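Student: What follows is a single structure, and I will ask about it in a moment.
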Amino acid sequence: MFELNFIFMELLLLLSVIILIFFYSIISTDVFITSLALLIFIVLIIPYQILLNELKILVFDNNLDNLLIFKLVFLYSWLINVFIGISLLIELVYLFISG
């Protein structure tokens with residue numbers, strides 16, 4: 001159970017870092033900062049997906065897959081990452097076109 005909590009906290013910490021990078025990119029209107037934020041997002045999404053898959057395996061092994069919190073984490077973490085990736089890409093394209 002400790003491993004499940006530890007991976008869950010790592011997942012939330014990594015998600016908070018991704019969200020902070022997204023907010024910093026939204027605040028700044030520089031092409032370099034947005035490009036760097038998109039690159040960091042792409043680099044951080046790989047360990048995030050690995051942790052998410054490991055958490056799914058642990059939740060299934062411990063028969064906790066019917067708890068609502070884990071269903072929400074799996075659904076919304078995917079939606080948040082898709083939203084952040086698409087918005088960073090759209091912002092980068094907009095900055096290249098307008099700049």
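Labels used: A, B, ... for chains in the order of the structure tokens, numbers from 1 for residues in each chain, and numbers from 1 for ligands as shown.
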Find the spatial neighbours of Leu51 in chain A, counting only C-alpha atoms, within a cut-off of 8 Å - ignore same-chain residues fewer than 3 positions away - and output them as number ranges by chain.

Tutor: A: 7, 10-11, 47-48, 54-55

Student: Using only C-alpha atoms, can you tell me which of A:Ile21, A:Glu91, A:Phe6, A:Tyr76 comes closest to Leu44 in chain A?

Tutor: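 Of all the options, A:Ile21 lies closest to Leu44 in chain A.
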
Student: Give me, as a compact mmCIF listing (two decimals) with N, CA and C atoms, in the first residue's frame, all polymer residues having an atom no more than 10 Å from Phe32 in chain A, counting only C-alpha atoms and skipping those fewer than 5 positions away in the same chain.

Tutor:
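The resulting file, out08.txt, is shown below:
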# COMPACT_ATOMS: atom_id res chain seq x y z
N SER A 25 4.05 29.50 -19.23
CA SER A 25 4.05 29.69 -20.68
C SER A 25 2.90 30.58 -21.12
N ALA A 37 8.77 25.54 -22.93
CA ALA A 37 7.69 24.91 -22.15
C ALA A 37 7.14 23.68 -22.87
N LEU A 38 6.99 23.77 -24.19
CA LEU A 38 6.50 22.62 -24.95
C LEU A 38 7.52 21.48 -24.91
N LEU A 92 2.17 28.19 -29.55
CA LEU A 92 3.43 28.28 -30.28
C LEU A 92 3.19 28.62 -31.75
N LEU A 95 2.22 32.30 -31.93
CA LEU A 95 3.36 33.20 -31.74
C LEU A 95 4.26 33.22 -32.97

Student: Set the distance at 12 Å and use only C-alpha atoms: which residues neighbour Phe23 in chain A once local chain neighbours fewer than 5 positions away are removed? I'd like the list as a PyMOL selection string.

Tutor: chain A and resi 16-18+28-29+33-34+37-38+41+84+87-88

Student: Output N, CA and C atoms for every residue in the selection just made, as a PDB file, in the first residue's frame.

Tutor:
ATOM      1  N   SER A  16       1.569  18.666 -11.050  1.00  0.00           N
ATOM      2  CA  SER A  16       1.642  20.065 -10.618  1.00  0.00           C
ATOM      3  C   SER A  16       2.784  20.799 -11.303  1.00  0.00           C
ATOM      4  N   VAL A  17       3.905  20.134 -11.542  1.00  0.00           N
ATOM      5  CA  VAL A  17       5.013  20.756 -12.278  1.00  0.00           C
ATOM      6  C   VAL A  17       4.588  21.049 -13.711  1.00  0.00           C
ATOM      7  N   ILE A  18       3.897  20.124 -14.336  1.00  0.00           N
ATOM      8  CA  ILE A  18       3.419  20.333 -15.708  1.00  0.00           C
ATOM      9  C   ILE A  18       2.440  21.503 -15.764  1.00  0.00           C
ATOM     10  N   SER A  28       3.820  34.328 -20.171  1.00  0.00           N
ATOM     11  CA  SER A  28       4.819  34.953 -21.043  1.00  0.00           C
ATOM     12  C   SER A  28       4.373  34.850 -22.499  1.00  0.00           C
ATOM     13  N   THR A  29       4.758  35.839 -23.282  1.00  0.00           N
ATOM     14  CA  THR A  29       4.386  35.840 -24.704  1.00  0.00           C
ATOM     15  C   THR A  29       5.621  35.751 -25.582  1.00  0.00           C
ATOM     16  N   ILE A  33      10.243  31.009 -24.681  1.00  0.00           N
ATOM     17  CA  ILE A  33       9.672  30.440 -23.452  1.00  0.00           C
ATOM     18  C   ILE A  33       8.607  29.401 -23.785  1.00  0.00           C
ATOM     19  N   THR A  34       7.775  29.697 -24.766  1.00  0.00           N
ATOM     20  CA  THR A  34       6.727  28.748 -25.149  1.00  0.00           C
ATOM     21  C   THR A  34       7.331  27.492 -25.768  1.00  0.00           C
ATOM     22  N   ALA A  37       8.767  25.536 -22.928  1.00  0.00           N
ATOM     23  CA  ALA A  37       7.695  24.906 -22.147  1.00  0.00           C
ATOM     24  C   ALA A  37       7.139  23.681 -22.871  1.00  0.00           C
ATOM     25  N   LEU A  38       6.985  23.769 -24.188  1.00  0.00           N
ATOM     26  CA  LEU A  38       6.501  22.616 -24.948  1.00  0.00           C
ATOM     27  C   LEU A  38       7.515  21.477 -24.911  1.00  0.00           C
ATOM     28  N   PHE A  41       7.371  19.954 -21.485  1.00  0.00           N
ATOM     29  CA  PHE A  41       6.130  19.174 -21.386  1.00  0.00           C
ATOM     30  C   PHE A  41       6.294  17.819 -22.063  1.00  0.00           C
ATOM     31  N   ILE A  84      -3.296  20.593 -22.135  1.00  0.00           N
ATOM     32  CA  ILE A  84      -2.059  21.373 -22.030  1.00  0.00           C
ATOM     33  C   ILE A  84      -1.228  21.227 -23.293  1.00  0.00           C
ATOM     34  N   SER A  87      -2.944  23.199 -26.141  1.00  0.00           N
ATOM     35  CA  SER A  87      -2.857  24.648 -25.960  1.00  0.00           C
ATOM     36  C   SER A  87      -1.445  25.164 -26.163  1.00  0.00           C
ATOM     37  N   LEU A  88      -0.432  24.430 -25.702  1.00  0.00           N
ATOM     38  CA  LEU A  88       0.947  24.870 -25.937  1.00  0.00           C
ATOM     39  C   LEU A  88       1.271  24.868 -27.420  1.00  0.00           C
TER      40      LEU A  88
END

Student: Hey, what does DSSP flag as alpha helix (DSSP H) within range 27-64 of chain A? Can you give it to me as a ChimeraX atom specification?

Tutor: /A:27,31-61

Student: Quick one: of A:Met9, A:Met1, A:Leu64, A:Ile19, who's nearest to Ile40 in chain A, counting only C-alpha atoms?

Tutor: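 Result for the nearest residue to Ile40 in chain A: A:Ile19.
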
Student: Quick one, how far is CA of Trp78 in chain A from CA of Phe96 in chain A?

Tutor: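 Answer for the CA of Trp78 in chain A to CA of Phe96 in chain A separation: 27.2 Å.
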
Student: From the options A:Ile26, A:Leu52, A:Val93, A:Leu36, which residue's atoms come nearest to Val73 in chain A, counting only C-alpha atoms?

Tutor: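 Result for the nearest residue to Val73 in chain A: A:Leu52.
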
Student: Mind giving me the straight-line distance from CA of Leu58 in chain A to CA of Leu4 in chain A in Å, one decimal?

Tutor: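 So the answer is 6.4 Å.
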